[in-house]
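**Q** Quick one: the structure is below, questions incoming.
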Number of protein chains: 2
Amino acid sequence: MKIYRANIIFTPSAERFEVLERGYVAVTDDGLVEGTYQQLPPHLQSAPITDYGDMLLIPGFADLHVHAPQYRNMGLAMDLELLPWLNTYTFPEEQKFADCAYAEKIYRRFVHELWMQGTMRSAIFATIHQEATLLLGRLLQEAGLGAYVGLVGMNRNCPDGLRNSSEEVVAGTERLMQELAASGREGYAPVQAILTPRFVPSCTEEMLDTYGRLAQQYHLPVQSHLSENVREIAWVKSLEPDAETYGHAYYRYGLFGQTPTLMAHCCYTDGAELELMKKQQVMVVHCPTSNCNLASGMAPVRTFLDNGVPVALGTDISGGNHLSVLRVIQYALQVSKLQYAATKGNKAFLTLSEAFYLATKSGGSFFGKVGSFEPGYAFDALVVDDSYLNFAGYSLLNRIERYVYLGDDRDIKHRFCNGKELAEPKM
Amino acid sequence: MKIYRANIIFTPSAERFEVLERGYVAVTDDGLVEGTYQQLPPHLQSAPITDYGDMLLIPGFADLHVHAPQYRNMGLAMDLELLPWLNTYTFPEEQKFADCAYAEKIYRRFVHELWMQGTMRSAIFATIHQEATLLLGRLLQEAGLGAYVGLVGMNRNCPDGLRNSSEEVVAGTERLMQELAASGREGYAPVQAILTPRFVPSCTEEMLDTYGRLAQQYHLPVQSHLSENVREIAWVKSLEPDAETYGHAYYRYGLFGQTPTLMAHCCYTDGAELELMKKQQVMVVHCPTSNCNLASGMAPVRTFLDNGVPVALGTDISGGNHLSVLRVIQYALQVSKLQYAATKGNKAFLTLSEAFYLATKSGGSFFGKVGSFEPGYAFDALVVDDSYLNFAGYSLLNRIERYVYLGDDRDIKHRFCNGKELAEPKM
């Protein structure tokens, strides 16, 4: 058992922050939270204590939608909407990942920055390239970061150099599962495969069917894109005219909640698609930065929450322009306020604790008991030195708010994932 | 004459960046740009050169709407709309500035952070307090930062402790003009008084009339708030029923372009108000961060630009949650894309060069020839080390884009205002 002492702040539920001023969190040798305490109880009196003084101790962040191979393009090329943006900027960059040396250069930086930004868990799109995708998985394992990594499948409406077959998806996914299992480090958070059909326009019926069978056979989770952009939705309708909604197009192949499923964006989800997500408990990954940058629109997050549809946050680089989940929390709040203004106050905006919850416990739930400091949760934690922001009698609730709105990577002094403190990964 | 060498990037017009790879800028002993050169011309061959290698050299930023006394509340308390937010959080904080020791503590940090963020020029709301406002002006002068500083006037709909009279506005403004002129440092950018009626709901007819006379008498510029929030606009209509629009309520007192005028927000400006702004060349200060945080709405910036209404950017702390003009550029772009989506593409979103121009040359124009590197412009400049972002063959246009979307204060290595390099101010 280890004990950490600091100002502990987390969100067991979305409604409010749990705050322990100069509290204690006890962590088992397996890396799980044993409990949080305002006073140290008798059974823990002899355990060693690491005291972080007046710093904040918060859960690590979860980024549930992120394209690792687009790291080079982060902060670039946002003068187009989704579909021309893919063809003009994104697909050409992803083709470079046939070259493992290039992939290693970019993926090492990507993994380093996940660590830097405090993103302890992520669900990642790689590319169609097996070697590069395996490399990404191994780099995450080396760093100690928990993740789902997806070999992307796409066999239509894409450049020839960025096309694979269903057979390659099967072989590549099986290889990814086996090799990641073999290279996993004991005691560290798992890095596992996730099924990653790019989106309906990129995958033929035959490929989607293959994905559905893989999901069932190995009970693998699924990630893809949904209802991001008006033109994309119209295109899917023309490609899959029999599907009632875009979401139903995934559902009919067994890729919409039959196993745990992440669907990024969902800017225009409503009606039957919303109902299906609710029934299937498909998790929305809200990517407000990306939805702004690509002029996609504003996802109806309040409606999802009101309907009991689970919601997480995603940076979605390089549609998103940065890899900071902290900043995505800000955007989630701010976009919800623009929706509040646009609906003349009918849609309540997100509260700070709600947005923080989405980035920690809600997103973390995709990885098991992750994102909170309740007993039994994996100890994923960030130690934050906000002293430069704390100059005028701020409460701890003030301090977490100012950290969310003003903090950045340089404030994070220690990072824990699954109970292990993570050293800075090599670039 | 001094010569600086670096990758020079600026926006002489909104349409595009001017880029000089490893170019030269010559600066006169008066702190003005003599010219920019790709090759050093004969008449400058003997001038000393400071070479910044592969760094970027860009104009300093201009923040045209910022409330210095709200610095403590930055990143806090954004769970209310404008009017209750003012009463609950903002007015109580501003009352503390009757205490000069408190004011000095906060204003020193504020000035330090302006410097840190590369904001070389700003138009600042202080409070009703003469001593504290003078102190703020002197701290700006010490730091070498150019600014307009406004003693705020408010005599209705405000707490008793935050109310002054028209006589106090006259005496305080005259004192501010005189004392700032006396303490100004030769060769540095000026710090000057600006008339600052808080907004129509805070000022009686008599006070607005006093402001109008002051504007005319001393030809002083004016700053205030306009059409920020739906409820505020309705309130102004009830207070000034004879004014055709909120803007006309200022106009009738001589406070709407009769002298150079800044109006912050303008989220709901259209029709006759827009026409009047165009005719009077009133400058809109676009504060997209604040407009998100306080759920105010999205200002029609494209409409302003199409109509030839000048536009600048403002951080508007603490409605805005940070003091970074760089981040306001991001928000200006992103909000314009949400407007593009909401209008189904009818309103073109801002381009990167347009948004950069608003933050530099357009905002700078309120201070004279400021915000560009054209001959005769004050040399306000930032030397930016973006080497950590420049790892994969980026063009200079890529690099400025990535700096805008991913950079922050730690990248700024040197800061110049009016030709003087500014040392870090004491906190």
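By convention here, the chains of the structure tokens are called A, B, ... in the order presented, each chain's residues are numbered starting at 1, and ligands are numbered starting at 1 in the order presented.
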What are the closest atom pairs, with distances in Å to one decimal, for all residues of chain A lying within 6 Å of chain B? Consider only C-alpha atoms, order rows by chain and residue number, and present the result as a tab-separated table.

**A**
residue	atom	partner	partner_atom	distance
A:Gly75	CA	B:Arg402	CA	4.8
A:Cys292	CA	B:Gln334	CA	5.1
A:Asn293	CA	B:Gln334	CA	5.6
A:Ala295	CA	B:Lys337	CA	4.6
A:Gly297	CA	B:Ala341	CA	5.7
A:Gln334	CA	B:Cys292	CA	5.1
A:Lys337	CA	B:Ala295	CA	4.7
A:Leu338	CA	B:Ala295	CA	5.6
A:Ala341	CA	B:Ala295	CA	5.5
A:Arg402	CA	B:Gly75	CA	4.8
A:Tyr405	CA	B:Gly75	CA	5.2

**Q** Would you list, as a ChimeraX atom specification, the residues of segment 56-270 of chain B that end up in alpha helix (DSSP H) under DSSP run on this structure's backbone?

**A** /B:82-85,91-95,100-117,130-143,166-183,205-218,230-239,246-251

**Q** Excluding same-chain residues fewer than 2 positions from segment 368-381 of chain A, what lies within 9 Å of it counting only C-alpha atoms, as a PyMOL selection string?

**A** chain A and resi 8-12+25+27-28+30-36+57-62+118+120-121+189+357+359-366+383+414-421

**Q** Which is closer to Pro159 of chain A than all the others in A:Leu195, A:Pro92, A:Ser353, A:Glu104, using only C-alpha atoms?

**A**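 When distances to Pro159 of chain A are compared using only C-alpha atoms, the smallest one comes from A:Pro92.
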
**Q** Contacts of segment 161-174 of chain B at 6 Å or less, counting only C-alpha atoms, minus same-chain residues fewer than 5 places along, as a count of residues only?

**A** 5

**Q** For the strand (DSSP E) assignment from backbone DSSP, which residues of segment 247-362 of chain B qualify? Please present them as a VMD selection string.

**A** chain B and resid 261 to 265 283 to 286 311 to 313

**Q** I'd like the neighbourhood of Leu135 of chain B as a ChimeraX atom specification, where a residue qualifies if any of its atoms comes within 12 Å (using only C-alpha atoms), though same-chain residues fewer than 3 positions away should be ignored.

**A** /B:68-69,97-108,111,126-127,129-132,138-142,149-151,176,179-180,183,191

**Q** Any chance you could export the current selection's N, CA, C and O atoms as a compact mmCIF listing (two decimals), in the first residue's frame?

**A**
# COMPACT_ATOMS: atom_id res chain seq x y z
N ALA B 68 -8.83 45.22 -16.26
CA ALA B 68 -7.70 44.88 -15.39
C ALA B 68 -8.13 44.47 -13.98
O ALA B 68 -7.56 43.53 -13.42
N PRO B 69 -9.12 45.14 -13.37
CA PRO B 69 -9.45 44.78 -11.98
C PRO B 69 -10.13 43.42 -11.85
O PRO B 69 -10.34 42.95 -10.74
N PHE B 97 -10.85 47.76 -5.16
CA PHE B 97 -9.79 48.64 -5.69
C PHE B 97 -9.81 50.03 -5.07
O PHE B 97 -9.00 50.90 -5.44
N ALA B 98 -10.69 50.23 -4.09
CA ALA B 98 -10.56 51.42 -3.24
C ALA B 98 -9.27 51.31 -2.41
O ALA B 98 -8.70 52.31 -1.99
N ASP B 99 -8.81 50.10 -2.22
CA ASP B 99 -7.60 49.82 -1.43
C ASP B 99 -6.40 49.75 -2.39
O ASP B 99 -6.27 48.83 -3.18
N CYS B 100 -5.53 50.74 -2.29
CA CYS B 100 -4.42 50.81 -3.25
C CYS B 100 -3.44 49.66 -3.11
O CYS B 100 -2.80 49.26 -4.09
N ALA B 101 -3.30 49.13 -1.91
CA ALA B 101 -2.36 48.01 -1.74
C ALA B 101 -2.90 46.79 -2.49
O ALA B 101 -2.14 46.08 -3.18
N TYR B 102 -4.21 46.57 -2.36
CA TYR B 102 -4.80 45.46 -3.11
C TYR B 102 -4.66 45.71 -4.61
O TYR B 102 -4.28 44.83 -5.38
N ALA B 103 -4.95 46.93 -5.02
CA ALA B 103 -4.85 47.27 -6.45
C ALA B 103 -3.45 47.03 -6.97
O ALA B 103 -3.26 46.46 -8.05
N GLU B 104 -2.46 47.41 -6.19
CA GLU B 104 -1.08 47.24 -6.67
C GLU B 104 -0.75 45.76 -6.85
O GLU B 104 -0.13 45.37 -7.85
N LYS B 105 -1.18 44.96 -5.89
CA LYS B 105 -0.92 43.51 -5.99
C LYS B 105 -1.51 42.94 -7.27
O LYS B 105 -0.84 42.21 -8.02
N ILE B 106 -2.76 43.28 -7.54
CA ILE B 106 -3.43 42.70 -8.70
C ILE B 106 -2.90 43.33 -10.00
O ILE B 106 -2.62 42.63 -10.98
N TYR B 107 -2.75 44.63 -10.00
CA TYR B 107 -2.33 45.31 -11.24
C TYR B 107 -0.90 44.93 -11.64
O TYR B 107 -0.58 44.88 -12.82
N ARG B 108 -0.04 44.71 -10.67
CA ARG B 108 1.32 44.26 -11.03
C ARG B 108 1.26 42.91 -11.75
O ARG B 108 1.96 42.69 -12.73
N VAL B 111 -0.20 43.50 -15.33
CA VAL B 111 0.77 44.09 -16.26
C VAL B 111 1.84 43.05 -16.63
O VAL B 111 2.23 42.93 -17.80
N ALA B 126 -10.31 50.30 -16.02
CA ALA B 126 -9.89 50.17 -14.62
C ALA B 126 -11.16 50.13 -13.77
O ALA B 126 -12.07 49.35 -14.08
N THR B 127 -11.22 50.92 -12.72
CA THR B 127 -12.44 51.02 -11.90
C THR B 127 -12.77 52.50 -11.71
O THR B 127 -12.15 53.36 -12.35
N HIS B 129 -11.94 54.10 -9.21
CA HIS B 129 -11.01 54.62 -8.20
C HIS B 129 -9.83 55.33 -8.84
O HIS B 129 -9.04 54.72 -9.55
N GLN B 130 -9.69 56.64 -8.53
CA GLN B 130 -8.64 57.45 -9.15
C GLN B 130 -7.24 56.95 -8.84
O GLN B 130 -6.40 56.83 -9.73
N GLU B 131 -6.96 56.71 -7.57
CA GLU B 131 -5.59 56.35 -7.19
C GLU B 131 -5.18 55.05 -7.84
O GLU B 131 -4.09 54.92 -8.39
N ALA B 132 -6.07 54.08 -7.78
CA ALA B 132 -5.74 52.76 -8.34
C ALA B 132 -5.56 52.86 -9.86
O ALA B 132 -4.70 52.20 -10.45
N ARG B 138 0.75 54.04 -14.30
CA ARG B 138 2.19 54.15 -14.05
C ARG B 138 2.90 52.80 -14.17
O ARG B 138 4.04 52.72 -14.64
N LEU B 139 2.21 51.74 -13.77
CA LEU B 139 2.81 50.40 -13.91
C LEU B 139 2.98 50.04 -15.39
O LEU B 139 3.97 49.42 -15.78
N LEU B 140 2.02 50.42 -16.20
CA LEU B 140 2.15 50.19 -17.64
C LEU B 140 3.33 50.98 -18.20
O LEU B 140 4.10 50.48 -19.02
N GLN B 141 3.45 52.23 -17.75
CA GLN B 141 4.58 53.05 -18.21
C GLN B 141 5.91 52.43 -17.80
O GLN B 141 6.84 52.37 -18.59
N GLU B 142 5.98 52.00 -16.55
CA GLU B 142 7.21 51.34 -16.08
C GLU B 142 7.57 50.14 -16.95
O GLU B 142 8.73 49.89 -17.26
N VAL B 149 -5.96 53.81 -20.81
CA VAL B 149 -6.47 53.40 -19.50
C VAL B 149 -7.68 54.25 -19.15
O VAL B 149 -7.61 55.47 -19.23
N GLY B 150 -8.76 53.58 -18.77
CA GLY B 150 -9.99 54.32 -18.48
C GLY B 150 -10.41 54.23 -17.03
O GLY B 150 -10.55 53.14 -16.48
N LEU B 151 -10.60 55.43 -16.44
CA LEU B 151 -11.29 55.53 -15.15
C LEU B 151 -12.77 55.28 -15.45
O LEU B 151 -13.37 56.00 -16.26
N LEU B 176 -5.84 62.06 -14.60
CA LEU B 176 -5.21 60.94 -15.29
C LEU B 176 -4.43 61.45 -16.51
O LEU B 176 -3.28 61.07 -16.74
N GLU B 179 -1.31 63.51 -15.14
CA GLU B 179 -0.26 62.77 -14.44
C GLU B 179 0.39 61.74 -15.36
O GLU B 179 1.60 61.51 -15.27
N LEU B 180 -0.38 61.12 -16.24
CA LEU B 180 0.25 60.17 -17.17
C LEU B 180 1.16 60.91 -18.15
O LEU B 180 2.23 60.39 -18.51
N SER B 183 4.39 61.58 -16.22
CA SER B 183 5.24 60.43 -15.87
C SER B 183 5.63 59.58 -17.07
O SER B 183 6.32 58.58 -16.92
N VAL B 191 1.04 55.90 -22.71
CA VAL B 191 -0.09 55.41 -21.90
C VAL B 191 -0.98 56.61 -21.67
O VAL B 191 -0.53 57.62 -21.11

**Q** Mind pulling up the distance from atom CA of Asp385 of chain B to atom CA of Ile49 of chain B?

**A** 18.4 Å

**Q** Do a neighbour search on Thr303 of chain A at 12 Å with only C-alpha atoms, toss out local chain neighbours closer than 3 positions, and write the hits as a VMD selection string.

**A** chain A and resid 266 to 271 274 to 275 277 to 278 284 298 to 300 306 to 311 336 339 to 340 346 to 350

**Q** Name the residues in contact with Ile233 of chain B at a cut-off of 9 Å, using only C-alpha atoms, excluding same-chain residues fewer than 4 positions from it; report them as a PyMOL selection string.

**A** chain B and resi 226-229+237-238+245-246+268

**Q** I'd like the interatomic distance between atom CA of Ile128 of chain B and atom CA of Gly153 of chain B, to a tenth of an Å.

**A** 6.0 Å

**Q** When distances are computed from only C-alpha atoms, which of B:His219, B:His286, B:Arg16, B:Arg156 shows the smallest separation from Pro260 of chain B?

**A** B:His219
